[in-house]
file start03.csv (CSV, C-alpha atoms and all ligand atoms)
chain,number,residue,atom,x,y,z
A,33,MET,CA,-4.3,-4.3,-37.3
A,34,ASP,CA,-2.8,-1.5,-35.2
A,35,ALA,CA,0.7,-0.9,-36.5
A,36,ALA,CA,2.0,-0.8,-32.9
A,37,VAL,CA,0.9,-4.3,-32.2
A,38,ASN,CA,3.2,-7.1,-33.2
A,39,ILE,CA,1.6,-10.5,-32.8
A,40,THR,CA,4.7,-12.8,-32.9
A,41,GLN,CA,3.1,-16.1,-33.7
A,42,GLU,CA,0.7,-17.7,-36.2
A,43,ILE,CA,-2.9,-17.1,-35.1
A,44,SER,CA,-6.2,-18.2,-36.6
A,45,ALA,CA,-8.3,-15.8,-38.8
A,46,GLU,CA,-10.9,-15.9,-35.9
A,47,THR,CA,-8.2,-14.7,-33.4
A,48,VAL,CA,-7.0,-12.0,-35.8
A,49,GLU,CA,-10.6,-10.7,-35.9
A,50,MET,CA,-10.9,-10.7,-32.1
A,51,VAL,CA,-7.5,-8.9,-31.8
A,52,ARG,CA,-8.8,-6.2,-34.2
A,53,GLU,CA,-12.0,-5.8,-32.1
A,54,ILE,CA,-10.0,-5.6,-28.9
A,55,LEU,CA,-7.9,-2.8,-30.3
A,56,ARG,CA,-11.0,-1.0,-31.6
A,57,LEU,CA,-12.8,-1.4,-28.2
A,58,LYS,CA,-9.7,-0.2,-26.4
A,59,LYS,CA,-9.8,3.2,-28.3
A,60,GLU,CA,-13.6,3.4,-27.9
A,61,MET,CA,-13.5,2.8,-24.2
A,62,ASN,CA,-10.3,4.8,-23.5
A,63,ALA,CA,-8.9,1.6,-22.0
A,64,VAL,CA,-5.4,0.3,-21.3
A,65,ILE,CA,-4.5,-3.4,-21.2
A,66,LEU,CA,-2.1,-4.5,-18.5
A,67,ALA,CA,-0.7,-8.1,-18.7
A,68,HIS,CA,1.5,-10.2,-16.4
A,69,TYR,CA,4.3,-12.2,-18.1
A,70,TYR,CA,2.6,-15.4,-17.3
A,71,GLN,CA,-0.3,-14.6,-19.7
A,72,ASP,CA,-0.9,-16.2,-23.0
A,73,ALA,CA,1.6,-14.9,-25.6
A,74,VAL,CA,-1.0,-13.2,-27.8
A,75,ILE,CA,-2.4,-11.3,-24.8
A,76,GLN,CA,1.2,-10.2,-23.8
A,77,ASP,CA,1.7,-9.0,-27.4
A,78,LEU,CA,-1.4,-6.9,-27.5
A,79,ALA,CA,-1.0,-5.4,-24.0
A,80,ASP,CA,0.0,-1.8,-23.5
A,81,ILE,CA,1.9,-2.6,-20.4
A,82,ARG,CA,3.6,-5.9,-19.5
A,83,GLY,CA,5.2,-6.4,-16.1
A,84,ASP,CA,5.9,-8.3,-12.9
A,85,SER,CA,3.6,-7.8,-9.9
A,86,PHE,CA,5.5,-4.8,-8.6
A,87,GLU,CA,5.8,-3.1,-12.0
A,88,LEU,CA,2.1,-3.7,-12.8
A,89,SER,CA,1.1,-2.2,-9.4
A,90,ARG,CA,3.3,0.8,-10.0
A,91,ARG,CA,2.1,1.4,-13.5
A,92,ALA,CA,-1.5,0.8,-12.6
A,93,ARG,CA,-1.3,3.9,-10.4
A,94,GLU,CA,0.0,6.0,-13.2
A,95,VAL,CA,-2.3,5.0,-16.2
A,96,ASP,CA,-4.3,7.8,-17.8
A,97,ALA,CA,-7.4,5.9,-19.0
A,98,ASP,CA,-11.0,5.4,-17.9
A,99,VAL,CA,-10.7,1.6,-18.0
A,100,ILE,CA,-8.0,-0.8,-16.9
A,101,VAL,CA,-8.3,-4.3,-18.5
A,102,PHE,CA,-6.2,-6.5,-16.3
A,103,ALA,CA,-4.9,-9.6,-17.9
A,104,GLY,CA,-3.6,-11.3,-14.8
A,105,VAL,CA,-5.0,-13.0,-11.7
A,106,HIS,CA,-7.7,-11.6,-9.3
A,107,PHE,CA,-5.4,-10.2,-6.6
A,108,MET,CA,-3.6,-8.2,-9.3
A,109,ALA,CA,-6.7,-6.7,-10.7
A,110,GLU,CA,-8.0,-6.0,-7.2
A,111,THR,CA,-4.7,-4.2,-6.4
A,112,ALA,CA,-5.2,-2.0,-9.5
A,113,LYS,CA,-8.8,-1.2,-8.3
A,114,ILE,CA,-7.6,-0.3,-4.8
A,115,LEU,CA,-5.1,2.1,-6.4
A,116,ASN,CA,-7.6,3.5,-8.9
A,117,PRO,CA,-11.1,3.7,-7.3
A,118,GLU,CA,-12.3,6.1,-10.0
A,119,LYS,CA,-11.4,3.8,-12.9
A,120,THR,CA,-13.3,0.8,-14.1
A,121,VAL,CA,-11.1,-2.4,-13.7
A,122,LEU,CA,-12.0,-5.4,-15.8
A,123,LEU,CA,-10.7,-9.0,-15.4
A,124,PRO,CA,-11.4,-11.4,-18.3
A,125,ASP,CA,-12.3,-14.3,-15.9
A,126,MET,CA,-13.1,-14.0,-12.2
A,127,ASN,CA,-11.8,-17.5,-11.7
A,128,ALA,CA,-8.3,-16.3,-12.2
A,129,GLY,CA,-7.3,-17.1,-8.6
A,130,CYS,CA,-3.9,-18.0,-6.9
A,131,SER,CA,-3.0,-20.8,-4.6
A,132,LEU,CA,-1.1,-18.4,-2.4
A,133,ALA,CA,-4.1,-16.1,-2.0
A,134,GLU,CA,-6.3,-19.1,-1.3
A,135,SER,CA,-3.8,-20.4,1.4
A,136,ALA,CA,-4.5,-17.3,3.6
A,137,PRO,CA,-8.2,-16.8,4.3
A,138,SER,CA,-8.7,-13.5,6.1
A,139,HIS,CA,-10.3,-15.0,9.3
A,140,LEU,CA,-7.3,-17.3,9.8
A,141,PHE,CA,-4.8,-14.5,9.0
A,142,ARG,CA,-6.6,-12.2,11.5
A,143,ARG,CA,-6.3,-15.0,14.2
A,144,TYR,CA,-2.6,-15.4,13.4
A,145,ARG,CA,-2.0,-11.7,13.9
A,146,GLN,CA,-4.0,-11.7,17.1
A,147,ALA,CA,-1.8,-14.6,18.3
A,148,HIS,CA,1.3,-12.5,17.6
A,149,PRO,CA,0.1,-8.9,18.2
A,150,ASP,CA,3.6,-7.4,18.6
A,151,HIS,CA,4.7,-8.6,15.1
A,152,LEU,CA,4.7,-6.4,12.1
A,153,ALA,CA,2.8,-8.1,9.2
A,154,VAL,CA,4.7,-7.9,5.9
A,155,THR,CA,2.5,-9.6,3.4
A,156,TYR,CA,3.2,-10.8,-0.2
A,157,ILE,CA,0.9,-9.1,-2.7
A,158,ASN,CA,-0.4,-12.5,-3.7
A,159,CYS,CA,-3.3,-12.2,-1.1
A,160,THR,CA,-6.9,-10.9,-1.0
A,161,ALA,CA,-7.8,-7.3,-0.3
A,162,GLU,CA,-9.1,-8.4,3.1
A,163,VAL,CA,-5.7,-9.8,4.0
A,164,LYS,CA,-4.0,-6.7,2.6
A,165,GLY,CA,-6.3,-4.7,4.9
A,166,LEU,CA,-5.1,-6.7,7.9
A,167,SER,CA,-1.4,-6.2,7.0
A,168,ASP,CA,1.0,-3.4,7.8
A,169,ILE,CA,3.1,-3.5,4.6
A,170,ILE,CA,2.7,-5.3,1.3
A,171,CYS,CA,5.6,-6.5,-0.8
A,172,THR,CA,6.3,-8.3,-4.1
A,173,SER,CA,9.0,-10.8,-4.9
A,174,SER,CA,11.1,-8.0,-6.5
A,175,SER,CA,10.7,-5.6,-3.5
A,176,ALA,CA,10.6,-8.0,-0.5
A,177,GLU,CA,14.3,-8.0,0.2
A,178,ALA,CA,14.7,-4.2,-0.1
A,179,ILE,CA,11.6,-3.5,2.1
A,180,LEU,CA,12.6,-5.9,4.8
A,181,SER,CA,16.2,-4.6,4.9
A,182,ARG,CA,14.8,-1.1,5.5
A,183,LEU,CA,12.8,-2.1,8.6
A,184,PRO,CA,14.5,-2.0,12.1
A,185,MET,CA,16.0,-5.4,13.0
A,186,ASP,CA,14.5,-5.3,16.5
A,187,VAL,CA,10.9,-5.3,15.3
A,188,PRO,CA,9.6,-8.9,15.0
A,189,VAL,CA,8.1,-9.7,11.6
A,190,LEU,CA,5.4,-12.1,10.5
A,191,PHE,CA,5.6,-12.9,6.8
A,192,ALA,CA,2.7,-14.4,4.8
A,193,PRO,CA,1.6,-16.2,2.8
A,194,ASP,CA,4.6,-17.7,0.8
A,195,LYS,CA,6.9,-19.7,3.0
A,196,ASN,CA,9.5,-20.2,0.2
A,197,LEU,CA,9.8,-16.5,-0.5
A,198,GLY,CA,9.9,-16.0,3.3
A,199,HIS,CA,12.8,-18.5,3.7
A,200,TYR,CA,14.6,-16.9,0.8
A,201,VAL,CA,14.3,-13.4,2.2
A,202,ARG,CA,15.1,-14.6,5.7
A,203,GLU,CA,18.4,-16.0,4.3
A,204,LYS,CA,19.2,-12.8,2.3
A,205,THR,CA,18.4,-10.3,5.1
A,206,GLY,CA,19.4,-12.4,8.2
A,207,ARG,CA,16.0,-11.4,9.7
A,208,ASP,CA,14.3,-14.1,11.7
A,209,MET,CA,10.6,-14.0,10.7
A,210,LEU,CA,7.5,-16.0,11.5
A,211,LEU,CA,6.4,-17.7,8.2
A,212,TRP,CA,2.9,-18.5,7.1
A,213,GLN,CA,3.0,-21.9,5.5
A,214,GLY,CA,1.5,-21.1,2.0
A,215,VAL,CA,3.0,-22.1,-1.3
A,216,CYS,CA,2.6,-21.4,-5.0
A,217,THR,CA,1.6,-24.8,-6.4
A,218,VAL,CA,3.2,-23.9,-9.7
A,219,HIS,CA,6.7,-23.0,-8.3
A,220,GLU,CA,6.6,-26.0,-5.8
A,221,MET,CA,6.3,-28.5,-8.6
A,222,PHE,CA,9.7,-28.4,-10.2
A,223,SER,CA,11.5,-31.7,-10.4
A,224,GLU,CA,15.2,-31.6,-9.3
A,225,ARG,CA,15.8,-34.9,-11.1
A,226,ARG,CA,14.4,-33.7,-14.4
A,227,ILE,CA,16.2,-30.3,-14.1
A,228,ALA,CA,19.5,-32.2,-13.5
A,229,GLU,CA,18.8,-34.2,-16.7
A,230,LEU,CA,18.2,-31.1,-18.7
A,231,HIS,CA,21.3,-29.5,-17.3
A,232,ALA,CA,23.4,-32.5,-18.3
A,233,GLN,CA,22.1,-32.0,-21.9
A,234,HIS,CA,22.9,-28.2,-21.7
A,235,PRO,CA,25.9,-28.0,-19.3
A,236,ASP,CA,26.6,-24.3,-20.2
A,237,ALA,CA,23.1,-23.2,-19.4
A,238,GLU,CA,22.5,-21.1,-16.3
A,239,LEU,CA,19.8,-22.2,-14.0
A,240,ILE,CA,17.6,-19.2,-13.1
A,241,ALA,CA,14.7,-19.4,-10.6
A,242,HIS,CA,11.9,-17.4,-9.0
A,243,PRO,CA,12.0,-17.1,-5.2
A,244,GLU,CA,8.6,-18.9,-4.9
A,245,CYS,CA,10.6,-22.1,-5.7
A,246,GLU,CA,11.7,-24.4,-2.9
A,247,GLY,CA,15.0,-23.7,-1.1
A,248,VAL,CA,16.7,-26.9,-2.5
A,249,LEU,CA,16.2,-25.5,-6.0
A,250,LEU,CA,17.1,-21.9,-5.1
A,251,ARG,CA,20.4,-23.0,-3.6
A,252,LYS,CA,21.4,-24.7,-6.9
A,253,ALA,CA,20.3,-21.7,-9.0
A,254,ASP,CA,22.9,-19.4,-10.6
A,255,PHE,CA,20.5,-16.5,-10.2
A,256,VAL,CA,17.3,-16.0,-8.2
A,257,GLY,CA,14.8,-13.1,-8.9
A,258,SER,CA,11.3,-12.0,-9.6
A,259,THR,CA,10.0,-12.3,-13.2
A,260,GLY,CA,11.2,-8.7,-13.9
A,261,ALA,CA,14.7,-9.5,-12.4
A,262,LEU,CA,14.9,-12.7,-14.4
A,263,LEU,CA,14.2,-10.7,-17.6
A,264,ARG,CA,16.9,-8.2,-16.8
A,265,HIS,CA,19.3,-11.0,-16.0
A,266,VAL,CA,19.0,-12.9,-19.3
A,267,GLN,CA,19.8,-9.6,-21.1
A,268,GLU,CA,22.8,-8.8,-18.9
A,269,SER,CA,24.4,-12.2,-18.4
A,270,PRO,CA,27.1,-13.4,-20.7
A,271,ALA,CA,25.5,-16.9,-20.7
A,272,ARG,CA,23.8,-18.0,-24.0
A,273,GLU,CA,21.5,-20.6,-22.6
A,274,PHE,CA,19.1,-20.6,-19.6
A,275,ILE,CA,17.1,-23.2,-17.8
A,276,VAL,CA,14.2,-21.1,-16.4
A,277,ALA,CA,12.4,-22.2,-13.2
A,278,THR,CA,9.3,-20.2,-13.2
A,279,GLU,CA,6.0,-20.2,-15.1
A,280,SER,CA,6.8,-20.8,-18.7
A,281,GLY,CA,4.8,-17.8,-20.0
A,282,ILE,CA,7.9,-15.7,-19.2
A,283,LEU,CA,9.8,-17.4,-22.1
A,284,HIS,CA,7.8,-15.3,-24.5
A,285,GLU,CA,9.1,-12.0,-23.1
A,286,MET,CA,12.7,-13.5,-22.7
A,287,LYS,CA,12.7,-14.4,-26.5
A,288,ARG,CA,11.5,-10.8,-27.2
A,289,VAL,CA,14.1,-9.0,-25.1
A,290,ALA,CA,17.1,-11.3,-25.8
A,291,PRO,CA,16.2,-13.2,-29.0
A,292,ASP,CA,19.7,-14.5,-29.7
A,293,LYS,CA,19.8,-16.7,-26.6
A,294,ASP,CA,18.2,-20.1,-25.9
A,295,TYR,CA,15.7,-20.8,-23.1
A,296,PHE,CA,14.6,-24.1,-21.7
A,297,ALA,CA,11.5,-24.3,-19.4
A,298,ALA,CA,12.5,-26.2,-16.2
A,299,PRO,CA,10.3,-29.3,-16.1
A,300,PRO,CA,7.8,-30.0,-13.3
A,301,ASP,CA,7.3,-33.1,-11.3
A,302,ASN,CA,4.8,-34.6,-13.7
A,303,GLY,CA,4.9,-35.7,-17.4
A,304,CYS,CA,4.7,-32.1,-18.7
A,305,ALA,CA,7.6,-30.4,-20.4
A,306,CYS,CA,6.9,-27.0,-18.8
A,307,ASN,CA,5.2,-25.5,-15.9
A,308,ILE,CA,2.0,-23.6,-16.4
A,309,CYS,CA,-0.2,-21.7,-13.9
A,310,ASP,CA,-3.8,-22.8,-14.7
A,311,TYR,CA,-5.1,-19.7,-12.8
A,312,MET,CA,-3.2,-17.3,-15.2
A,313,LYS,CA,-4.2,-19.3,-18.2
A,314,VAL,CA,-8.0,-19.2,-17.6
A,315,ASN,CA,-7.7,-15.8,-19.3
A,316,THR,CA,-7.9,-16.2,-23.1
A,317,VAL,CA,-8.0,-13.8,-26.0
A,318,GLU,CA,-11.7,-14.6,-26.4
A,319,LYS,CA,-12.5,-13.8,-22.8
A,320,LEU,CA,-10.4,-10.6,-23.0
A,321,TYR,CA,-12.5,-9.6,-26.0
A,322,GLN,CA,-15.8,-10.6,-24.4
A,323,CYS,CA,-15.0,-8.7,-21.2
A,324,MET,CA,-14.3,-5.6,-23.2
A,325,LYS,CA,-17.4,-6.0,-25.3
A,326,ASN,CA,-19.6,-6.6,-22.2
A,327,GLY,CA,-17.9,-4.2,-19.8
A,328,GLY,CA,-17.5,-7.1,-17.3
A,329,PRO,CA,-16.6,-9.0,-15.2
A,330,GLU,CA,-15.7,-5.9,-13.2
A,331,ILE,CA,-13.7,-5.6,-10.0
A,332,THR,CA,-15.7,-3.9,-7.2
A,333,ILE,CA,-14.5,-3.3,-3.7
A,334,ALA,CA,-16.4,-1.7,-0.8
A,335,ASP,CA,-14.8,1.7,0.1
A,336,ASP,CA,-14.0,0.9,3.7
A,337,LEU,CA,-12.1,-2.3,2.7
A,338,ARG,CA,-10.4,-0.5,-0.2
A,339,LEU,CA,-9.1,2.2,2.2
A,340,ARG,CA,-7.8,-0.4,4.7
A,341,ALA,CA,-5.9,-2.2,1.9
A,342,LEU,CA,-4.6,1.0,0.3
A,343,ARG,CA,-2.1,2.2,2.8
A,344,PRO,CA,-0.2,-1.1,3.1
A,345,ILE,CA,0.2,-1.1,-0.7
A,346,GLU,CA,1.3,2.5,-0.8
A,347,ARG,CA,3.9,1.7,1.9
A,348,MET,CA,5.3,-0.9,-0.4
A,349,LEU,CA,5.6,1.5,-3.3
A,350,GLU,CA,7.2,4.1,-1.0
A,351,LEU,CA,9.5,1.7,0.9
A,352,ALA,CA,10.9,-0.1,-2.2
A,353,ASN,CA,13.2,2.9,-2.9
A,354,ALA,CA,13.0,4.7,0.4
A,355,ASP,CA,15.8,6.5,2.2
A,356,ALA,CA,16.3,6.0,6.0
A,357,GLU,CA,14.2,9.0,6.9
A,358,THR,CA,11.2,7.8,4.8
A,359,ALA,CA,11.5,4.3,6.2
A,360,ALA,CA,11.5,5.7,9.8
A,361,ARG,CA,8.4,7.9,9.0
A,362,ILE,CA,6.6,4.9,7.7
A,363,MET,CA,7.5,2.8,10.7
A,364,ASP,CA,6.2,5.6,13.0
A,365,GLU,CA,2.7,5.6,11.5
A,366,ILE,CA,2.3,1.8,12.0
A,367,THR,CA,0.5,1.0,15.2
A,368,LEU,CA,1.6,-2.1,17.2
A,369,PRO,CA,0.4,-4.2,19.0
A,370,PHE,CA,-2.1,-5.3,16.4
A,371,ALA,CA,-5.6,-4.4,17.7
A,372,GLY,CA,-7.8,-5.8,14.8
A,401,LIG,P1,6.2,-11.6,-9.8
A,401,LIG,O1,5.5,-11.1,-10.9
A,401,LIG,O2,6.3,-10.6,-8.7
A,401,LIG,O3,7.6,-12.1,-10.2
A,401,LIG,O4,5.4,-12.8,-9.1
A,401,LIG,C1,5.3,-14.0,-9.8
A,401,LIG,C2,4.0,-14.6,-9.6
A,401,LIG,O5,3.8,-15.8,-9.3
A,401,LIG,C3,2.8,-13.8,-9.8
A,401,LIG,O6,1.7,-14.5,-9.4
A,402,LIG,FE1,-0.4,-17.7,-7.8
A,402,LIG,FE2,1.7,-19.3,-8.4
A,402,LIG,FE3,-0.1,-18.8,-10.3
A,402,LIG,FE4,1.5,-16.8,-9.4
A,402,LIG,S1,2.1,-18.7,-10.5
A,402,LIG,S2,-0.7,-16.7,-9.8
A,402,LIG,S3,1.7,-17.3,-7.3
A,402,LIG,S4,-0.5,-19.9,-8.3
call {"tool": "encode", "arguments": {"input": "start03.csv", "output": "structure tokens", "more": "lines below"}}
Ligand code: 13P
Ligand code: SF4
result
Amino acid sequence: MDAAVNITQEISAETVEMVREILRLKKEMNAVILAHYYQDAVIQDLADIRGDSFELSRRAREVDADVIVFAGVHFMAETAKILNPEKTVLLPDMNAGCSLAESAPSHLFRRYRQAHPDHLAVTYINCTAEVKGLSDIICTSSSAEAILSRLPMDVPVLFAPDKNLGHYVREKTGRDMLLWQGVCTVHEMFSERRIAELHAQHPDAELIAHPECEGVLLRKADFVGSTGALLRHVQESPAREFIVATESGILHEMKRVAPDKDYFAAPPDNGCACNICDYMKVNTVEKLYQCMKNGGPEITIADDLRLRALRPIERMLELANADAETAARIMDEITLPFAG
């Protein structure tokens, strides 16, 4: 096996063989594998780049390869394709959807914008390319607060599709926004009662949570952040134990970056011990291997749609670290009222 790949758990002989083939195909195809932290642990281990949604978008723009194999959900692979029209983008399973993206069909989103034409649409990246094309600026959970704080306070904003992230950013920035009523079905499912029981067993543990969780949970959390921010936090915090309220795939990277600490997956409101995103987990090592062997499923986007979705994503990448002058220039190029 490639010396650079460190598979951190026991895997079957069959999986070892598939991993070998994936690494061989990667060279043959001049491909890179990008993986979100919610992917299966073996997929994370063999990926070239792991990241949260913002990091994966940023890195997708920079990769020097002919093929991007995206181990994540559909909207993430679609974003990579929007940023890299000349590259082949593969997704192991086209059914890797997202409840937030599904909550905002483009025809309803367009109608919502038409009903509030003077509002700037700042839209979470967890949405389809069509909805991105109807938006002014895209954001991720790690960039939402920075982006919204750089926009003039007198411009009314419509935020979609995640109402929990919207509420959280509304509190952080003091900006009153219209909120689309979508939710992430994974982050909505945490059980306050079961988390309190777990906390009683581990009283020194910090509760850390993703902003897609409900406000009642976020207000109790010691730290709130995107998956990337949660990873930085467990390395920097003096705490030794953490109750982690996000998809439990992240625990794999936490154990890798801060192995001397203990992590407990916050339990959901069902019988399960941890919270899993079924959309993320439709990707398997076998499907990753098959998609590289077959050269598909491949993400394709019509060029006019791609161009409509591109600028709102580029604005996100520019605004996340923008100075006042850049922010003003970006605002100047946005046309309101909405005429779509
Ligand atoms: P981030 O990767 O931006 O933290 O988002 C989490 C998520 O739910 C991705 O679908
Ligand atoms: Fe979508 Fe939630 Fe799954 Fe992320 S965790 S892909 S937001 S359903």
call {"tool": "closest_residue", "arguments": {"input": "start03.csv", "among": "A:Leu368, A:Cys216, A:Ala261, A:Ile227", "to": "ligand LIG 402 (chain A)", "atoms": "only C-alpha atoms and all ligand atoms"}}
result
A:Cys216
call {"tool": "closest_residue", "arguments": {"input": "start03.csv", "among": "A:Arg251, A:His234, A:Arg90, A:Arg143", "to": "Tyr295 of chain A", "atoms": "only C-alpha atoms"}}
result
A:His234
call {"tool": "residues_near_ligand", "arguments": {"input": "start03.csv", "ligand": "ligand LIG 402 (chain A)", "cutoff": "8 Å", "atoms": "all atoms listed in the file", "output": "list in words"}}
result
Tyr70, Gly104, Val105, Ala128, Gly129, Cys130, Ser131, Leu132, Ala133, Asn158, Val215, Cys216, Thr217, Val218, His219, Glu244, Thr278, Glu279, Ile308, Cys309, Asp310, Tyr311 and Met312 of chain A
call {"tool": "write_last_selection", "arguments": {"input": "start03.csv", "atoms": "C-alpha atoms", "output": "short mmCIF file (atom, residue, chain, number, x, y, z; two decimals), in the frame of the given file"}}
result
data_model
loop_
_atom_site.label_atom_id
_atom_site.label_comp_id
_atom_site.auth_asym_id
_atom_site.auth_seq_id
_atom_site.Cartn_x
_atom_site.Cartn_y
_atom_site.Cartn_z
CA TYR A 70 2.60 -15.40 -17.30
CA GLY A 104 -3.60 -11.30 -14.80
CA VAL A 105 -5.00 -13.00 -11.70
CA ALA A 128 -8.30 -16.30 -12.20
CA GLY A 129 -7.30 -17.10 -8.60
CA CYS A 130 -3.90 -18.00 -6.90
CA SER A 131 -3.00 -20.80 -4.60
CA LEU A 132 -1.10 -18.40 -2.40
CA ALA A 133 -4.10 -16.10 -2.00
CA ASN A 158 -0.40 -12.50 -3.70
CA VAL A 215 3.00 -22.10 -1.30
CA CYS A 216 2.60 -21.40 -5.00
CA THR A 217 1.60 -24.80 -6.40
CA VAL A 218 3.20 -23.90 -9.70
CA HIS A 219 6.70 -23.00 -8.30
CA GLU A 244 8.60 -18.90 -4.90
CA THR A 278 9.30 -20.20 -13.20
CA GLU A 279 6.00 -20.20 -15.10
CA ILE A 308 2.00 -23.60 -16.40
CA CYS A 309 -0.20 -21.70 -13.90
CA ASP A 310 -3.80 -22.80 -14.70
CA TYR A 311 -5.10 -19.70 -12.80
CA MET A 312 -3.20 -17.30 -15.20
#
call {"tool": "closest_atom_pairs", "arguments": {"input": "start03.csv", "of": "chain A", "to": "ligand LIG 401 (chain A)", "cutoff": "6 Å", "atoms": "all atoms listed in the file", "output": "Markdown table"}}
result
| residue | atom | partner | partner_atom | distance |
| --- | --- | --- | --- | --- |
| A:Asp84 | CA | A:LIG401 | O1 | 3.5 |
| A:Ser85 | CA | A:LIG401 | O1 | 3.9 |
| A:Phe86 | CA | A:LIG401 | O2 | 5.9 |
| A:Thr172 | CA | A:LIG401 | O2 | 5.1 |
| A:Ser173 | CA | A:LIG401 | O2 | 4.7 |
| A:Ser174 | CA | A:LIG401 | O2 | 5.9 |
| A:Ser258 | CA | A:LIG401 | O3 | 3.7 |
| A:Thr259 | CA | A:LIG401 | O3 | 3.8 |
call {"tool": "residues_around", "arguments": {"input": "start03.csv", "residues": "Val121 of chain A", "least_positions_apart": "5", "cutoff": "8 Å", "atoms": "only C-alpha atoms", "output": "list in words"}}
result
Val99, Ile100, Val101, Phe102, Ala109, Ala112, Lys113, Glu330 and Ile331 of chain A
call {"tool": "atom_distance", "arguments": {"input": "start03.csv", "atom1": "atom CA of Asp355 of chain A", "atom2": "atom CA of Arg182 of chain A"}}
result
8.3 Å
call {"tool": "closest_residue", "arguments": {"input": "start03.csv", "among": "A:Asp292, A:Glu60, A:Glu177, A:Glu203", "to": "Ala352 of chain A", "atoms": "all atoms listed in the file"}}
result
A:Glu177
call {"tool": "atom_distance", "arguments": {"input": "start03.csv", "atom1": "atom CA of Ser167 of chain A", "atom2": "atom CA of Trp212 of chain A"}}
result
13.0 Å
call {"tool": "atom_distance", "arguments": {"input": "start03.csv", "atom1": "atom CA of Glu134 of chain A", "atom2": "atom CA of Pro243 of chain A"}}
result
18.8 Å
call {"tool": "residues_around", "arguments": {"input": "start03.csv", "residues": "Met286 of chain A", "least_positions_apart": "2", "cutoff": "9 Å", "atoms": "only C-alpha atoms", "output": "list in words"}}
result
Leu262, Leu263, Arg264, Val266, Gln267, Ile282, Leu283, His284, Arg288, Val289, Ala290, Pro291, Lys293 and Tyr295 of chain A
call {"tool": "residues_around", "arguments": {"input": "start03.csv", "residues": "segment 45-47 of chain A", "least_positions_apart": "6", "cutoff": "10 Å", "atoms": "all atoms listed in the file", "output": "MDAnalysis selection string"}}
result
chainID A and resid 53 74 317:318 321
call {"tool": "residues_around", "arguments": {"input": "start03.csv", "residues": "Phe141 of chain A", "least_positions_apart": "5", "cutoff": "10 Å", "atoms": "only C-alpha atoms", "output": "mmCIF file with C-alpha atoms, keeping the file's coordinate frame"}}
result
data_model
loop_
_atom_site.group_PDB
_atom_site.id
_atom_site.type_symbol
_atom_site.label_atom_id
_atom_site.label_comp_id
_atom_site.auth_asym_id
_atom_site.auth_seq_id
_atom_site.Cartn_x
_atom_site.Cartn_y
_atom_site.Cartn_z
ATOM 1 C CA SER A 135 -3.800 -20.400 1.400
ATOM 2 C CA ALA A 136 -4.500 -17.300 3.600
ATOM 3 C CA GLN A 146 -4.000 -11.700 17.100
ATOM 4 C CA ALA A 147 -1.800 -14.600 18.300
ATOM 5 C CA ALA A 153 2.800 -8.100 9.200
ATOM 6 C CA GLU A 162 -9.100 -8.400 3.100
ATOM 7 C CA VAL A 163 -5.700 -9.800 4.000
ATOM 8 C CA LEU A 166 -5.100 -6.700 7.900
ATOM 9 C CA SER A 167 -1.400 -6.200 7.000
ATOM 10 C CA ALA A 192 2.700 -14.400 4.800
ATOM 11 C CA PRO A 193 1.600 -16.200 2.800
ATOM 12 C CA TRP A 212 2.900 -18.500 7.100
#
